[in-house]
Structure formats: C-alpha cells, structure tokens
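**Q** The structure file final_39.cif (mmCIF, C-alpha atoms) is provided below.
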```cif
data_query
loop_
_atom_site.group_PDB
_atom_site.id
_atom_site.type_symbol
_atom_site.label_atom_id
_atom_site.label_comp_id
_atom_site.auth_asym_id
_atom_site.auth_seq_id
_atom_site.Cartn_x
_atom_site.Cartn_y
_atom_site.Cartn_z
ATOM 1 C CA ILE A 9 54.907 -42.468 -0.480
ATOM 2 C CA ILE A 10 53.625 -41.555 2.995
ATOM 3 C CA ILE A 11 54.100 -37.863 2.196
ATOM 4 C CA ASN A 12 52.181 -38.248 -1.103
ATOM 5 C CA LEU A 13 49.321 -40.003 0.702
ATOM 6 C CA LYS A 14 49.129 -37.188 3.252
ATOM 7 C CA ILE A 15 49.078 -34.574 0.470
ATOM 8 C CA THR A 16 46.362 -36.504 -1.368
ATOM 9 C CA LYS A 17 44.235 -36.712 1.788
ATOM 10 C CA MET A 18 44.703 -32.989 2.414
ATOM 11 C CA LYS A 19 43.614 -32.212 -1.154
ATOM 12 C CA LYS A 20 40.498 -34.353 -0.739
ATOM 13 C CA ARG A 21 39.624 -32.646 2.550
ATOM 14 C CA PHE A 22 40.193 -29.240 0.976
ATOM 15 C CA LEU A 23 37.978 -30.096 -2.006
ATOM 16 C CA PHE A 24 35.303 -31.496 0.299
ATOM 17 C CA ILE A 25 35.311 -28.369 2.457
ATOM 18 C CA LEU A 26 35.248 -26.161 -0.646
ATOM 19 C CA LEU A 27 32.290 -28.112 -2.071
ATOM 20 C CA ILE A 28 30.350 -27.835 1.197
ATOM 21 C CA SER A 29 31.067 -24.089 1.341
ATOM 22 C CA LEU A 30 29.798 -23.594 -2.210
ATOM 23 C CA LEU A 31 26.609 -25.549 -1.503
ATOM 24 C CA VAL A 32 25.930 -23.543 1.657
ATOM 25 C CA GLY A 33 26.584 -20.312 -0.220
ATOM 26 C CA LEU A 34 24.199 -21.242 -3.026
ATOM 27 C CA GLN A 35 21.503 -22.254 -0.567
ATOM 28 C CA THR A 36 21.869 -18.993 1.333
ATOM 29 C CA LYS A 37 21.658 -17.003 -1.888
ATOM 30 C CA ALA A 38 18.566 -18.929 -2.962
ATOM 31 C CA GLN A 39 16.903 -18.188 0.342
ATOM 32 C CA THR A 40 17.577 -14.457 0.027
ATOM 33 C CA VAL A 41 16.121 -14.154 -3.506
ATOM 34 C CA SER A 42 12.948 -12.089 -3.202
ATOM 35 C CA THR A 43 9.761 -13.805 -4.361
ATOM 36 C CA PHE A 44 8.085 -10.473 -5.158
ATOM 37 C CA THR A 45 8.865 -7.156 -6.792
ATOM 38 C CA MET A 46 8.174 -3.706 -5.381
ATOM 39 C CA LYS A 47 7.845 -0.568 -7.456
ATOM 40 C CA VAL A 48 7.212 3.042 -6.484
ATOM 41 C CA GLY A 49 6.566 6.195 -8.453
ATOM 42 C CA PRO A 50 4.485 9.313 -9.082
ATOM 43 C CA LYS A 51 0.922 9.273 -10.374
ATOM 44 C CA VAL A 52 -1.083 12.034 -12.048
ATOM 45 C CA GLY A 53 -4.490 11.979 -13.661
ATOM 46 C CA LEU A 54 -7.848 13.452 -14.623
ATOM 47 C CA ASN A 55 -10.989 13.322 -12.454
ATOM 48 C CA LEU A 56 -14.518 13.371 -13.865
ATOM 49 C CA SER A 57 -16.614 13.657 -10.719
ATOM 50 C CA THR A 58 -20.211 14.151 -9.700
ATOM 51 C CA LEU A 59 -22.426 13.538 -6.662
ATOM 52 C CA ASN A 60 -25.081 10.833 -6.419
ATOM 53 C CA GLY A 61 -28.236 11.639 -4.453
ATOM 54 C CA THR A 62 -28.657 15.181 -5.757
ATOM 55 C CA GLN A 63 -32.014 14.601 -7.487
ATOM 56 C CA ASP A 64 -33.677 17.361 -5.446
ATOM 57 C CA PHE A 65 -31.155 19.906 -6.677
ATOM 58 C CA GLU A 66 -31.312 21.650 -10.042
ATOM 59 C CA ASN A 67 -28.528 22.053 -12.575
ATOM 60 C CA VAL A 68 -26.214 19.305 -11.289
ATOM 61 C CA SER A 69 -23.393 18.505 -13.684
ATOM 62 C CA MET A 70 -20.047 16.727 -13.771
ATOM 63 C CA LYS A 71 -16.911 18.514 -12.623
ATOM 64 C CA THR A 72 -13.489 18.081 -14.281
ATOM 65 C CA SER A 73 -10.469 18.202 -12.005
ATOM 66 C CA PHE A 74 -7.160 16.602 -11.022
ATOM 67 C CA ASN A 75 -5.636 13.808 -8.955
ATOM 68 C CA GLY A 76 -1.993 13.132 -8.143
ATOM 69 C CA GLY A 77 0.297 11.460 -5.648
ATOM 70 C CA VAL A 78 2.500 8.427 -5.156
ATOM 71 C CA VAL A 79 1.970 4.720 -5.920
ATOM 72 C CA PHE A 80 3.434 1.600 -4.269
ATOM 73 C CA ASN A 81 3.087 -1.535 -6.393
ATOM 74 C CA MET A 82 3.836 -5.072 -5.150
ATOM 75 C CA ARG A 83 3.540 -8.255 -7.216
ATOM 76 C CA TRP A 84 4.092 -11.851 -6.109
ATOM 77 C CA GLY A 85 4.942 -15.239 -7.539
ATOM 78 C CA GLN A 86 5.688 -16.479 -11.030
ATOM 79 C CA ARG A 87 3.396 -16.534 -14.043
ATOM 80 C CA HIS A 88 5.185 -19.634 -15.382
ATOM 81 C CA LEU A 89 7.802 -21.926 -13.878
ATOM 82 C CA SER A 90 10.406 -20.317 -16.114
ATOM 83 C CA SER A 91 9.280 -16.764 -15.298
ATOM 84 C CA ALA A 92 11.112 -14.473 -12.914
ATOM 85 C CA PHE A 93 9.743 -13.889 -9.430
ATOM 86 C CA GLY A 94 7.387 -10.935 -9.206
ATOM 87 C CA THR A 95 5.558 -11.785 -12.442
ATOM 88 C CA GLY A 96 2.624 -13.677 -10.900
ATOM 89 C CA ILE A 97 -1.084 -13.058 -11.339
ATOM 90 C CA PHE A 98 -1.692 -11.194 -8.057
ATOM 91 C CA GLY A 99 -0.505 -7.823 -6.825
ATOM 92 C CA LEU A 100 -1.314 -5.142 -4.271
ATOM 93 C CA GLN A 101 -1.172 -1.407 -4.927
ATOM 94 C CA PRO A 102 -1.680 1.101 -2.101
ATOM 95 C CA GLU A 103 -1.609 4.763 -3.096
ATOM 96 C CA ILE A 104 -1.577 8.179 -1.429
ATOM 97 C CA LEU A 105 -3.342 10.767 -3.581
ATOM 98 C CA PHE A 106 -4.665 14.307 -3.507
ATOM 99 C CA SER A 107 -7.990 14.124 -5.334
ATOM 100 C CA MET A 108 -10.127 17.125 -6.358
ATOM 101 C CA GLN A 109 -13.759 15.979 -6.496
ATOM 102 C CA GLY A 110 -17.297 17.303 -6.220
ATOM 103 C CA ALA A 111 -19.774 18.581 -8.803
ATOM 104 C CA ASN A 112 -21.395 21.678 -10.212
ATOM 105 C CA VAL A 113 -24.600 22.229 -8.231
ATOM 106 C CA GLY A 114 -27.047 25.026 -8.928
ATOM 107 C CA GLY A 115 -24.660 26.778 -11.255
ATOM 108 C CA ARG A 116 -21.719 26.862 -8.820
ATOM 109 C CA PRO A 117 -18.922 24.382 -8.166
ATOM 110 C CA VAL A 118 -18.939 22.316 -4.978
ATOM 111 C CA ASN A 119 -15.240 21.606 -4.455
ATOM 112 C CA LEU A 120 -14.497 18.527 -2.349
ATOM 113 C CA ASN A 121 -10.736 18.093 -2.113
ATOM 114 C CA TYR A 122 -9.649 14.856 -0.443
ATOM 115 C CA LEU A 123 -6.513 13.119 0.716
ATOM 116 C CA THR A 124 -7.277 9.574 -0.440
ATOM 117 C CA VAL A 125 -5.696 6.184 0.248
ATOM 118 C CA PRO A 126 -6.845 3.527 -2.247
ATOM 119 C CA VAL A 127 -5.741 -0.062 -1.502
ATOM 120 C CA MET A 128 -6.147 -1.991 -4.732
ATOM 121 C CA LEU A 129 -5.898 -5.756 -5.207
ATOM 122 C CA LYS A 130 -4.686 -6.474 -8.737
ATOM 123 C CA PHE A 131 -5.312 -9.508 -10.927
ATOM 124 C CA TYR A 132 -2.945 -9.696 -13.903
ATOM 125 C CA ALA A 133 -4.895 -11.322 -16.732
ATOM 126 C CA THR A 134 -1.762 -11.075 -18.885
ATOM 127 C CA GLU A 135 1.825 -10.080 -18.189
ATOM 128 C CA CYS A 136 0.867 -6.388 -18.456
ATOM 129 C CA PHE A 137 -2.940 -6.044 -18.414
ATOM 130 C CA ASN A 138 -4.601 -6.057 -14.990
ATOM 131 C CA ILE A 139 -7.994 -5.745 -13.329
ATOM 132 C CA GLU A 140 -8.165 -4.051 -9.921
ATOM 133 C CA PHE A 141 -10.617 -3.533 -7.102
ATOM 134 C CA GLY A 142 -10.530 -2.457 -3.476
ATOM 135 C CA PRO A 143 -11.536 0.176 -0.921
ATOM 136 C CA GLU A 144 -10.569 3.833 -0.923
ATOM 137 C CA PHE A 145 -10.398 5.819 2.313
ATOM 138 C CA ALA A 146 -10.580 9.606 2.124
ATOM 139 C CA LEU A 147 -10.304 12.662 4.351
ATOM 140 C CA LEU A 148 -11.682 16.043 3.292
ATOM 141 C CA VAL A 149 -8.956 18.706 3.372
ATOM 142 C CA SER A 150 -10.846 21.722 2.013
ATOM 143 C CA ASP A 151 -13.850 23.834 3.031
ATOM 144 C CA PRO A 152 -16.509 23.451 0.318
ATOM 145 C CA GLY A 153 -18.568 26.347 1.719
ATOM 146 C CA THR A 154 -22.365 26.307 1.317
ATOM 147 C CA VAL A 155 -24.916 25.251 -1.275
ATOM 148 C CA ASN A 156 -28.442 26.608 -1.672
ATOM 149 C CA ARG A 157 -31.640 24.699 -2.393
ATOM 150 C CA LYS A 158 -34.847 26.753 -2.635
ATOM 151 C CA MET A 159 -35.281 28.307 0.834
ATOM 152 C CA PHE A 160 -32.548 26.251 2.489
ATOM 153 C CA THR A 161 -28.797 26.776 2.779
ATOM 154 C CA TYR A 162 -26.610 23.750 3.511
ATOM 155 C CA ASP A 163 -23.327 24.307 5.317
ATOM 156 C CA LEU A 164 -20.784 21.849 3.872
ATOM 157 C CA SER A 165 -17.879 22.798 6.140
ATOM 158 C CA ASN A 166 -18.197 19.709 8.359
ATOM 159 C CA LEU A 167 -19.409 16.833 6.216
ATOM 160 C CA ASN A 168 -19.457 13.975 8.749
ATOM 161 C CA GLY A 169 -16.010 15.001 9.889
ATOM 162 C CA GLY A 170 -14.770 14.942 6.322
ATOM 163 C CA LYS A 171 -14.408 11.132 6.220
ATOM 164 C CA ASP A 172 -15.414 9.133 3.171
ATOM 165 C CA VAL A 173 -15.194 5.504 2.038
ATOM 166 C CA SER A 174 -15.529 4.370 -1.570
ATOM 167 C CA LEU A 175 -15.380 1.116 -3.504
ATOM 168 C CA ALA A 176 -13.040 1.307 -6.493
ATOM 169 C CA VAL A 177 -12.786 -0.899 -9.584
ATOM 170 C CA GLY A 178 -10.645 -0.406 -12.649
ATOM 171 C CA ILE A 179 -8.302 -1.696 -15.318
ATOM 172 C CA GLY A 180 -4.655 -0.961 -16.039
ATOM 173 C CA TYR A 181 -1.755 -1.700 -18.331
ATOM 174 C CA ASP A 182 1.857 -1.767 -17.112
ATOM 175 C CA PHE A 183 4.494 -1.244 -19.790
ATOM 176 C CA ASP A 184 7.905 -2.902 -19.363
ATOM 177 C CA PHE A 185 9.740 0.434 -19.394
ATOM 178 C CA GLY A 186 7.861 1.770 -16.344
ATOM 179 C CA LEU A 187 4.796 3.600 -17.661
ATOM 180 C CA SER A 188 1.437 2.489 -16.247
ATOM 181 C CA VAL A 189 -1.967 3.549 -17.633
ATOM 182 C CA ASN A 190 -5.038 3.214 -15.444
ATOM 183 C CA ALA A 191 -8.796 3.825 -15.639
ATOM 184 C CA ARG A 192 -10.804 3.568 -12.404
ATOM 185 C CA TYR A 193 -14.283 4.257 -11.072
ATOM 186 C CA ASN A 194 -14.854 5.154 -7.396
ATOM 187 C CA TYR A 195 -18.359 4.622 -6.027
ATOM 188 C CA GLY A 196 -18.930 6.474 -2.755
ATOM 189 C CA LEU A 197 -20.430 4.463 0.109
ATOM 190 C CA SER A 198 -20.634 7.285 2.670
ATOM 191 C CA GLU A 199 -23.285 9.995 2.777
ATOM 192 C CA LEU A 200 -21.609 13.373 3.044
ATOM 193 C CA ALA A 201 -23.918 14.524 5.852
ATOM 194 C CA ASN A 202 -26.878 13.234 7.850
ATOM 195 C CA ASN A 203 -29.277 15.679 6.193
ATOM 196 C CA LEU A 204 -27.510 15.608 2.835
ATOM 197 C CA PRO A 205 -27.444 12.124 1.246
ATOM 198 C CA TRP A 206 -24.825 12.969 -1.363
ATOM 199 C CA LYS A 207 -22.270 10.343 -2.281
ATOM 200 C CA ASN A 208 -19.097 10.774 -4.317
ATOM 201 C CA SER A 209 -18.929 9.327 -7.808
ATOM 202 C CA VAL A 210 -15.571 9.701 -9.564
ATOM 203 C CA PHE A 211 -14.150 8.373 -12.824
ATOM 204 C CA GLN A 212 -10.342 8.651 -13.030
ATOM 205 C CA ILE A 213 -7.857 8.303 -15.888
ATOM 206 C CA SER A 214 -4.261 8.280 -14.650
ATOM 207 C CA LEU A 215 -0.639 7.785 -15.652
ATOM 208 C CA SER A 216 2.081 6.442 -13.352
ATOM 209 C CA TRP A 217 5.819 6.029 -13.732
ATOM 210 C CA LEU A 218 6.990 3.047 -11.656
ATOM 211 C CA LEU A 219 10.591 2.383 -10.644
ATOM 212 C CA LYS A 220 11.646 -1.020 -9.345
ATOM 213 C CA LEU A 221 13.176 -1.131 -5.869
ATOM 214 C CA ASN A 222 16.026 -3.557 -5.183
ATOM 215 C CA ILE A 223 15.032 -5.276 -1.956
#
```
Just give me the structure of the file as structure tokens.
**A**
Amino acid sequence: IIINLKITKMKKRFLFILLISLLVGLQTKAQTVSTFTMKVGPKVGLNLSTLNGTQDFENVSMKTSFNGGVVFNMRWGQRHLSSAFGTGIFGLQPEILFSMQGANVGGRPVNLNYLTVPVMLKFYATECFNIEFGPEFALLVSDPGTVNRKMFTYDLSNLNGGKDVSLAVGIGYDFDFGLSVNARYNYGLSELANNLPWKNSVFQISLSWLLKLNI
C-alpha cells in the first residue's frame, strides 16, 4: 500500500510538472506571435510627369516615363477579433524607387531622374482596398542640361543640390495572391532652383508583387 501511495504521488507530481510546462510553453509561444505582417517585393510603373510653375515657358507638355524599385509593406493589428494579426486598418509602406520625371519644355525633353524614397501611411478601408498618403524624398541623379527661354539659358545641372520633397496621395488594391495595384499623385513642394520656380508634378500607375516575410 505504501509503495502504491508513493507511485500515485509521483504520478501526480509528474502530471503537475507536465501541466505547468505546457502552460509556460503556450504562453511563450503566444508572446512570440507577431502582431504585424511584413512583405517585400519589386515595383514597376508608368510616370506621367510635368512641371508646375512653367507659365512663362512656351510649349510645355507632359512627359511619359518609368518608375521602378523595391517596396516594404508593414501592416498591424486585426480587422476583427477573429481575424489574423497583420490584417488591421493601418499600415506603413516605405519604398526605394528610381523615378524618371520632368516635362517637355520648348519642344525638348527636360529629363529629371530621381532616386526617391516615399514613406506612405496606409489606411485599409476594406481588407484589400487602401488609401495612402505621406512624404516623398528625392535626390536628382542625372544632369538635365539646359533649357532656353527667349534670351536666357537656364543651367539645370545643379538644381538646389538635386534635393526635392513631395507630398504623395494615392489609392491601392492588394490581392491575396501577392499582386498590388497602385495609383498615386506626387505634388512637389520644392522649387527646383532659386531663379526657376518649377515644381515636380507626377502621376504614377504601378504594379507590385509582394512576398510575405516570416518574422
């Protein structure tokens, strides 16, 4: 009888220790579950660009060009209590893009090629449809040459050090299988030069392919 009691007590202790271990393990796992999702992927699109502030110049028209680079998409929270984490209404999407901008001025193209870094705050109105806005920082990486106006020639090789800041707003739709479609307008806030009050104005239509990272 004494032996049976000892065995019974050992079984109870073993079960108690096992139960505590399972509870600790589940708690640890719950704490390590990420509350957001991160996706990354390539982006490519069409630019329809022009320059605001060119009223004194003749024959100014829109220029069609290209943008492309890489996208980092982060999304937090839950849309519903039963939804998975990373399906909430807010997200953040920084990007690194090469963007060919400018306009046709006086019958010749003014090519302003930038390395741009948009940082977009996203509001997901539905599970897939989103509205975005945020700043875009840009650095000129090409020499646009000169442009002529009547008796004057403007040297565009050093446009305020090539730095530019824009305000961007747009809409997007993220498909479940990874494709993302986006339309965005960038309104330039910086004058290109002290004696040349041009500002970038760019409408972009882009496609991205986003892959989820396991973190």
**Q** I want to know what sits within 7 Å of Gly96 (chain A), based on all atoms listed in the file, with residues of the same chain fewer than 5 positions away left out; could you give that as a ChimeraX atom specification?
**A** /A:83-87
**Q** Taking the point (0.2, 4.5, -16.6) as given in the file, collect each protein or nucleic acid residue that comes within 12 Å of it, counting only C-alpha atoms, and present the set as an NGL selection string.
**A** :A and (49-53 or 79 or 136-138 or 179-192 or 212-218)
**Q** Please report the interatomic distance between CA of Pro152 (chain A) and CA of Val118 (chain A) in Å with one decimal.
**A**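 Pair CA of Pro152 (chain A) / CA of Val118 (chain A) returns 5.9 Å.
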**Q** With the file shown as input, list the residues that the PyMOL selection byres ((chain A and resi 143) around 10) selects, as a PyMOL selection string.
**A** chain A and resi 102+125-129+141-142+144-146+173-177+194-197
**Q** Can you work out which one of A:Val149, A:Ala133, A:Ala111, A:Leu221 has the shortest atom-to-atom distance to Asn67 (chain A), counting all atoms listed in the file?
**A**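 Smallest distance to Asn67 (chain A) is found for A:Ala111.
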**Q** Report as a ChimeraX atom specification the residues that result from applying the PyMOL selection byres ((chain A and resi 203-209) around 8) to the structure here.
**A** /A:57-62,109-110,174,193-202,210-211
**Q** Find the residue from A:Gln101, A:Asn112, A:Asn121, A:Asn81 that sits nearest to Glu140 (chain A); use only C-alpha atoms when measuring.
**A**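 Result for the nearest residue to Glu140 (chain A): A:Gln101.
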**Q** If you measure from CA of Gly99 (chain A) to CA of Gly77 (chain A), what distance in Å do you get, rounded to one decimal?
**A**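 These atoms are spaced 19.3 Å apart.
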**Q** Give me, please, the distance in Å between CA of Val78 (chain A) and CA of Thr134 (chain A), quoted to one decimal.
**A**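 According to the coordinates, CA of Val78 (chain A) and CA of Thr134 (chain A) are separated by 24.2 Å.
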**Q** Within 7 Å of Phe74 (chain A), counting all atoms listed in the file, which residues qualify if same-chain residues fewer than 6 places away don't, as a list in words?
**A**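 The residues that qualify are Gly53, Leu54, Asn55, Ser107 and Met108 of chain A.
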**Q** Using only C-alpha atoms and a cutoff of 7 Å, can you tell me which residues are near (-16.1, 16.7, -15.2) in the file's coordinates, and write them out as a ChimeraX atom specification?
**A** /A:55-57,70-73
**Q** Considering only C-alpha atoms, can you say which of A:Arg116, A:Lys130, A:Lys171, A:Lys220 comes closest to Ser69 (chain A)?
**A**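 Checking each of A:Arg116, A:Lys130, A:Lys171, A:Lys220 against Ser69 (chain A), counting only C-alpha atoms, the winner is A:Arg116.
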**Q** Report, as AutoDock Vina command-line options, the axis-aligned box around all atoms of region 196-210 of chain A present in the file, extended by 5 Å on each side; give centre and edge lengths in Å to one decimal place.
**A**
```
--center_x -22.4 --center_y 10.1 --center_z -0.9 --size_x 23.7 --size_y 21.2 --size_z 27.4
```
